[in-house]
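Trainee: For reference, the file my_file_10.txt (compact mmCIF, C-alpha atoms) is included below:
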```txt
# COMPACT_ATOMS: atom_id res chain seq x y z
CA MET A 1 -31.17 -3.17 25.58
CA GLU A 2 -28.47 -3.87 23.01
CA LYS A 3 -25.36 -1.73 23.44
CA ILE A 4 -24.21 -0.40 20.08
CA GLY A 5 -21.06 1.68 19.88
CA PHE A 6 -19.27 3.40 17.07
CA THR A 7 -16.24 5.50 16.32
CA ILE A 8 -15.00 7.58 13.43
CA GLY A 9 -11.54 8.19 12.06
CA LYS A 10 -9.14 8.21 9.18
CA PHE A 11 -6.95 5.44 10.60
CA ALA A 12 -4.05 6.95 8.68
CA PRO A 13 -2.46 4.77 9.93
CA LEU A 14 -4.13 2.36 12.33
CA HIS A 15 -1.96 2.33 15.45
CA LYS A 16 -1.83 0.93 18.99
CA GLY A 17 -3.93 3.82 20.33
CA HIS A 18 -6.71 3.00 17.87
CA GLN A 19 -6.38 -0.65 18.80
CA LEU A 20 -6.78 0.14 22.51
CA LEU A 21 -10.00 1.98 21.70
CA LEU A 22 -11.32 -0.80 19.43
CA GLU A 23 -10.46 -3.59 21.86
CA THR A 24 -12.06 -1.71 24.77
CA ALA A 25 -15.21 -1.13 22.74
CA LEU A 26 -15.42 -4.77 21.69
CA LYS A 27 -15.32 -5.83 25.37
CA GLU A 28 -18.03 -3.33 26.35
CA MET A 29 -20.45 -3.35 23.40
CA ASP A 30 -22.76 -5.92 21.83
CA LYS A 31 -22.06 -4.43 18.41
CA PHE A 32 -19.39 -2.01 17.23
CA ILE A 33 -19.10 0.03 14.04
CA VAL A 34 -16.09 1.90 12.65
CA ILE A 35 -16.66 4.70 10.18
CA ILE A 36 -13.53 5.36 8.14
CA TYR A 37 -13.16 8.74 6.49
CA GLU A 38 -11.83 9.34 3.03
CA THR A 39 -8.83 11.67 3.32
CA ASN A 40 -5.95 13.15 1.37
CA ILE A 41 -3.51 13.09 4.31
CA THR A 42 -2.27 9.66 3.26
CA SER A 43 -1.68 7.84 0.00
CA VAL A 44 -2.99 4.60 1.53
CA PRO A 45 -6.41 3.91 -0.03
CA LEU A 46 -9.55 3.78 2.08
CA GLU A 47 -10.06 0.08 1.34
CA VAL A 48 -6.55 -0.79 2.53
CA ARG A 49 -7.07 1.14 5.76
CA ALA A 50 -10.42 -0.63 6.27
CA ASN A 51 -8.78 -3.99 5.65
CA TRP A 52 -6.37 -3.41 8.54
CA ILE A 53 -9.35 -3.26 10.89
CA LYS A 54 -11.21 -6.12 9.19
CA SER A 55 -8.13 -8.35 9.43
CA LEU A 56 -7.57 -7.71 13.12
CA TYR A 57 -11.20 -7.37 14.22
CA PRO A 58 -13.53 -9.25 11.86
CA GLU A 59 -16.47 -8.72 14.22
CA ILE A 60 -16.39 -4.95 13.67
CA GLU A 61 -18.71 -3.51 11.03
CA ILE A 62 -16.97 -1.07 8.70
CA ARG A 63 -18.69 1.85 7.00
CA TYR A 64 -17.13 4.39 4.67
CA ALA A 65 -17.37 8.17 4.96
CA LEU A 66 -16.98 9.25 1.34
CA ASN A 67 -16.72 12.91 0.32
CA PRO A 68 -16.83 14.23 3.89
CA PRO A 69 -17.41 17.94 4.56
CA ASP A 70 -14.33 20.15 4.57
CA LYS A 71 -15.41 22.15 7.60
CA TYR A 72 -14.01 20.83 10.89
CA GLY A 73 -13.98 22.26 14.36
CA LEU A 74 -15.78 22.33 17.66
CA ASP A 75 -17.77 25.48 16.89
CA GLU A 76 -21.53 25.04 16.53
CA GLU A 77 -21.61 25.46 12.74
CA SER A 78 -18.83 22.91 12.12
CA VAL A 79 -20.33 20.40 14.54
CA ASN A 80 -23.75 20.71 12.88
CA ILE A 81 -22.27 20.23 9.40
CA GLN A 82 -20.28 17.20 10.50
CA MET A 83 -23.17 15.69 12.45
CA GLU A 84 -25.65 16.08 9.59
CA TYR A 85 -23.17 14.21 7.40
CA LEU A 86 -22.46 11.53 10.01
CA SER A 87 -26.16 11.09 10.80
CA LYS A 88 -26.76 9.96 7.21
CA ILE A 89 -24.10 7.26 7.54
CA ILE A 90 -25.61 5.85 10.75
CA LYS A 91 -29.27 6.52 9.96
CA ASP A 92 -30.19 2.82 10.11
CA ILE A 93 -28.70 2.16 13.55
CA LYS A 94 -29.47 3.39 17.06
CA PRO A 95 -26.08 3.78 18.72
CA THR A 96 -25.87 3.95 22.50
CA HIS A 97 -22.17 4.91 22.83
CA PHE A 98 -19.62 6.96 20.92
CA TYR A 99 -15.97 6.01 21.38
CA SER A 100 -13.10 8.43 20.84
CA SER A 101 -9.94 9.80 22.38
CA GLU A 102 -10.67 13.35 21.27
CA GLU A 103 -12.62 16.36 22.50
CA TYR A 104 -15.06 16.09 19.61
CA GLY A 105 -16.40 12.95 21.28
CA ARG A 106 -18.44 15.15 23.59
CA CYS A 107 -20.01 16.93 20.61
CA VAL A 108 -20.94 13.71 18.82
CA ALA A 109 -22.39 12.15 21.97
CA GLU A 110 -24.38 15.27 22.89
CA TYR A 111 -25.76 15.66 19.36
CA LEU A 112 -26.91 12.03 19.30
CA ASN A 113 -27.86 11.96 23.01
CA ILE A 114 -25.68 8.92 23.67
CA VAL A 115 -22.79 8.03 26.00
CA ASP A 116 -19.44 9.76 25.37
CA ARG A 117 -16.91 6.98 26.00
CA ARG A 118 -13.44 8.52 25.99
CA ILE A 119 -10.43 6.19 25.81
CA ASP A 120 -6.94 7.41 26.78
CA ASN A 121 -7.85 11.03 26.10
CA LYS A 122 -4.52 12.25 27.49
CA ARG A 123 -2.47 9.63 25.59
CA GLU A 124 -1.08 8.20 28.83
CA LEU A 125 -1.54 4.52 27.96
CA VAL A 126 -0.46 4.80 24.33
CA ALA A 127 1.59 7.94 23.82
CA VAL A 128 1.31 8.32 20.06
CA ASN A 129 -0.89 9.75 17.34
CA ALA A 130 -1.13 9.21 13.59
CA THR A 131 0.46 12.56 12.74
CA THR A 132 3.62 11.60 14.64
CA ILE A 133 3.72 8.22 12.92
CA ARG A 134 3.32 9.76 9.46
CA SER A 135 6.17 12.16 10.20
CA ASN A 136 8.61 9.24 10.54
CA VAL A 137 7.16 5.83 9.73
CA ASP A 138 10.38 3.89 10.37
CA GLN A 139 11.08 5.50 13.73
CA ASN A 140 7.50 4.85 14.86
CA MET A 141 7.00 1.34 13.51
CA MET A 142 6.64 -0.07 17.05
CA TRP A 143 3.23 1.62 17.29
CA MET A 144 1.78 -0.38 14.36
CA GLU A 145 1.06 -3.92 13.30
CA LYS A 146 3.48 -5.26 10.69
CA MET A 147 0.84 -5.27 7.92
CA VAL A 148 0.14 -1.59 8.58
CA TYR A 149 3.82 -0.69 8.48
CA ASP A 150 4.33 -2.74 5.30
CA ASP A 151 1.41 -1.01 3.57
CA LEU A 152 2.63 2.43 4.63
CA LYS A 153 6.06 1.70 3.17
CA LYS A 154 4.52 0.31 -0.02
CA TYR A 155 2.31 3.35 -0.64
CA GLU A 156 5.07 5.76 0.41
CA LYS A 157 7.20 4.38 -2.45
CA MET A 158 4.31 4.84 -4.90
CA LYS A 159 4.01 8.60 -4.23
```
Rewrite the structure from the file as structure tokens, please.
Mentor:
Amino acid sequence: MEKIGFTIGKFAPLHKGHQLLLETALKEMDKFIVIIYETNITSVPLEVRANWIKSLYPEIEIRYALNPPDKYGLDEESVNIQMEYLSKIIKDIKPTHFYSSEEYGRCVAEYLNIVDRRIDNKRELVAVNATTIRSNVDQNMMWMEKMVYDDLKKYEKMK
């Protein structure tokens, strides 16, 4: 049976923690899909964020999550809203694994009845998150590829 994994995220910005997850998935899966969410937490366009992944990992399939629901959370209503939305994006595939480093991974995996593959959930291997990076891009540049850093600086100036 073909192993098909996927993950979701804003990748705002793509950082070493994301890369650990992506590289682990590529070693373990036959096919891997990244669903990138549209967001207003960054001025970096969706296509630019997708290009970071395409440039580093051309074998990954990219899909866009446009106009996502506003309701987030781990409560049943929020999970159902998010999963109905996500199910439309992946309707043509039969994933076997969901990759994440977050608690919501359990919800996605349970809803789809697939494997919950958690990577560095406690941030012990890569002790950073995108919020920290956005708070001080220069101080946290070591957590990103140069192209990501350069794009962040470029779009920061355009604000």
Trainee: Find the residues near Leu46 of chain A: any atom within 12 Å, counting all atoms listed in the file, skip ones fewer than 6 places away on the same chain, and give them as an mmCIF file with C-alpha atoms, in the frame of the given file.
Mentor:
```
data_model
loop_
_atom_site.group_PDB
_atom_site.id
_atom_site.type_symbol
_atom_site.label_atom_id
_atom_site.label_comp_id
_atom_site.auth_asym_id
_atom_site.auth_seq_id
_atom_site.Cartn_x
_atom_site.Cartn_y
_atom_site.Cartn_z
ATOM 1 C CA GLY A 9 -11.540 8.190 12.060
ATOM 2 C CA LYS A 10 -9.140 8.210 9.180
ATOM 3 C CA PHE A 11 -6.950 5.440 10.600
ATOM 4 C CA ALA A 12 -4.050 6.950 8.680
ATOM 5 C CA PRO A 13 -2.460 4.770 9.930
ATOM 6 C CA LEU A 14 -4.130 2.360 12.330
ATOM 7 C CA ILE A 35 -16.660 4.700 10.180
ATOM 8 C CA ILE A 36 -13.530 5.360 8.140
ATOM 9 C CA TYR A 37 -13.160 8.740 6.490
ATOM 10 C CA GLU A 38 -11.830 9.340 3.030
ATOM 11 C CA THR A 39 -8.830 11.670 3.320
ATOM 12 C CA ASN A 40 -5.950 13.150 1.370
ATOM 13 C CA TRP A 52 -6.370 -3.410 8.540
ATOM 14 C CA ILE A 53 -9.350 -3.260 10.890
ATOM 15 C CA ILE A 62 -16.970 -1.070 8.700
ATOM 16 C CA ARG A 63 -18.690 1.850 7.000
ATOM 17 C CA TYR A 64 -17.130 4.390 4.670
ATOM 18 C CA ALA A 65 -17.370 8.170 4.960
ATOM 19 C CA LEU A 66 -16.980 9.250 1.340
ATOM 20 C CA ASN A 67 -16.720 12.910 0.320
#
```
Trainee: What is the distance, in Å and to one decimal place, between atom CA of Val115 of chain A and atom CA of Phe6 of chain A?
Mentor: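 For atom CA of Val115 of chain A relative to atom CA of Phe6 of chain A, the distance reads 10.7 Å.
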Trainee: Report, in Å with one decimal, the straight-line distance from atom CA of Ile8 of chain A to atom CA of Glu76 of chain A.
Mentor: 18.9 Å
Trainee: Give me the residues near segment 152-158 of chain A as a compact mmCIF listing (two decimals) with C-alpha atoms, keeping the file's coordinate frame, where near means some atom within 8 Å (using only C-alpha atoms) and where sequence neighbours in that chain fewer than 3 positions away do not count.
Mentor:
```txt
# COMPACT_ATOMS: atom_id res chain seq x y z
CA PRO A 13 -2.46 4.77 9.93
CA SER A 43 -1.68 7.84 0.00
CA VAL A 44 -2.99 4.60 1.53
CA VAL A 137 7.16 5.83 9.73
CA VAL A 148 0.14 -1.59 8.58
CA TYR A 149 3.82 -0.69 8.48
```
Trainee: Could you list, as a short mmCIF file (atom, residue, chain, number, x, y, z; two decimals) with C-alpha atoms, in the frame of the given file, every residue within 12 Å of Lys3 of chain A, counting all atoms listed in the file and ignoring same-chain residues fewer than 6 positions away?
Mentor:
```cif
data_model
loop_
_atom_site.label_atom_id
_atom_site.label_comp_id
_atom_site.auth_asym_id
_atom_site.auth_seq_id
_atom_site.Cartn_x
_atom_site.Cartn_y
_atom_site.Cartn_z
CA ALA A 25 -15.21 -1.13 22.74
CA LEU A 26 -15.42 -4.77 21.69
CA LYS A 27 -15.32 -5.83 25.37
CA GLU A 28 -18.03 -3.33 26.35
CA MET A 29 -20.45 -3.35 23.40
CA ASP A 30 -22.76 -5.92 21.83
CA LYS A 31 -22.06 -4.43 18.41
CA PHE A 32 -19.39 -2.01 17.23
CA ILE A 33 -19.10 0.03 14.04
CA ILE A 93 -28.70 2.16 13.55
CA LYS A 94 -29.47 3.39 17.06
CA PRO A 95 -26.08 3.78 18.72
CA THR A 96 -25.87 3.95 22.50
CA HIS A 97 -22.17 4.91 22.83
CA PHE A 98 -19.62 6.96 20.92
CA ILE A 114 -25.68 8.92 23.67
CA VAL A 115 -22.79 8.03 26.00
#
```
Trainee: I'd like the contact shell of Ser135 of chain A - 12 Å cut-off, all atoms listed in the file, skipping same-chain residues fewer than 2 positions apart - returned as an mmCIF file with C-alpha atoms, in the frame of the given file.
Mentor:
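Below is the file that was written, out08.cif:
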```
data_model
loop_
_atom_site.group_PDB
_atom_site.id
_atom_site.type_symbol
_atom_site.label_atom_id
_atom_site.label_comp_id
_atom_site.auth_asym_id
_atom_site.auth_seq_id
_atom_site.Cartn_x
_atom_site.Cartn_y
_atom_site.Cartn_z
ATOM 1 C CA ALA A 12 -4.050 6.950 8.680
ATOM 2 C CA PRO A 13 -2.460 4.770 9.930
ATOM 3 C CA ILE A 41 -3.510 13.090 4.310
ATOM 4 C CA THR A 42 -2.270 9.660 3.260
ATOM 5 C CA VAL A 128 1.310 8.320 20.060
ATOM 6 C CA ASN A 129 -0.890 9.750 17.340
ATOM 7 C CA ALA A 130 -1.130 9.210 13.590
ATOM 8 C CA THR A 131 0.460 12.560 12.740
ATOM 9 C CA THR A 132 3.620 11.600 14.640
ATOM 10 C CA ILE A 133 3.720 8.220 12.920
ATOM 11 C CA VAL A 137 7.160 5.830 9.730
ATOM 12 C CA ASP A 138 10.380 3.890 10.370
ATOM 13 C CA GLN A 139 11.080 5.500 13.730
ATOM 14 C CA ASN A 140 7.500 4.850 14.860
ATOM 15 C CA MET A 141 7.000 1.340 13.510
ATOM 16 C CA LEU A 152 2.630 2.430 4.630
ATOM 17 C CA GLU A 156 5.070 5.760 0.410
#
```
Trainee: Considering all atoms listed in the file, state which residue in the set A:Met147, A:Arg106, A:Ile81, A:Leu112 is at the smallest distance from Val48 of chain A.
Mentor: A:Met147
Trainee: Quick check, in Å to one decimal: how far apart do atom CA of Glu103 of chain A and atom CA of Glu47 of chain A lie?
Mentor: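 Between these atoms lies a distance of 26.8 Å.
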Trainee: Pick out the residues sitting within 7 Å of Arg118 of chain A, and hand them over as a PyMOL selection string; count only C-alpha atoms, and ignore anything fewer than 6 positions along from it in its own chain.
Mentor: chain A and resi 99-101
Trainee: Generate a file of the selected residues that holds C-alpha atoms, formatted as a PDB file, in the coordinates of the input.
Mentor:
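Writing the result to out.pdb gives the following:
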```pdb
ATOM      1  CA  TYR A  99     -15.970   6.010  21.380  1.00  0.00           C
ATOM      2  CA  SER A 100     -13.100   8.430  20.840  1.00  0.00           C
ATOM      3  CA  SER A 101      -9.940   9.800  22.380  1.00  0.00           C
TER       4      SER A 101
END
```
Trainee: Taking all atoms listed in the file into account, name the residue in A:Leu74, A:Ala109, A:Ile4, A:Val34 that is nearest to Leu22 of chain A.
Mentor: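 Checking each of A:Leu74, A:Ala109, A:Ile4, A:Val34 against Leu22 of chain A, counting all atoms listed in the file, the winner is A:Val34.
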Trainee: Return as JSON the box centre and box size in Å, one decimal, for an axis-aligned box around all listed atoms of segment 130-142 of chain A padded by 5 Å per side.
Mentor:
```
{"center_x": 5.0, "center_y": 6.2, "center_z": 13.3, "size_x": 22.2, "size_y": 22.6, "size_z": 17.6}
```
Trainee: I'd like to know which of A:Glu102, A:Ala50, A:Tyr57, A:Val108 is closest to Ser78 of chain A, using only C-alpha atoms.
Mentor: A:Val108
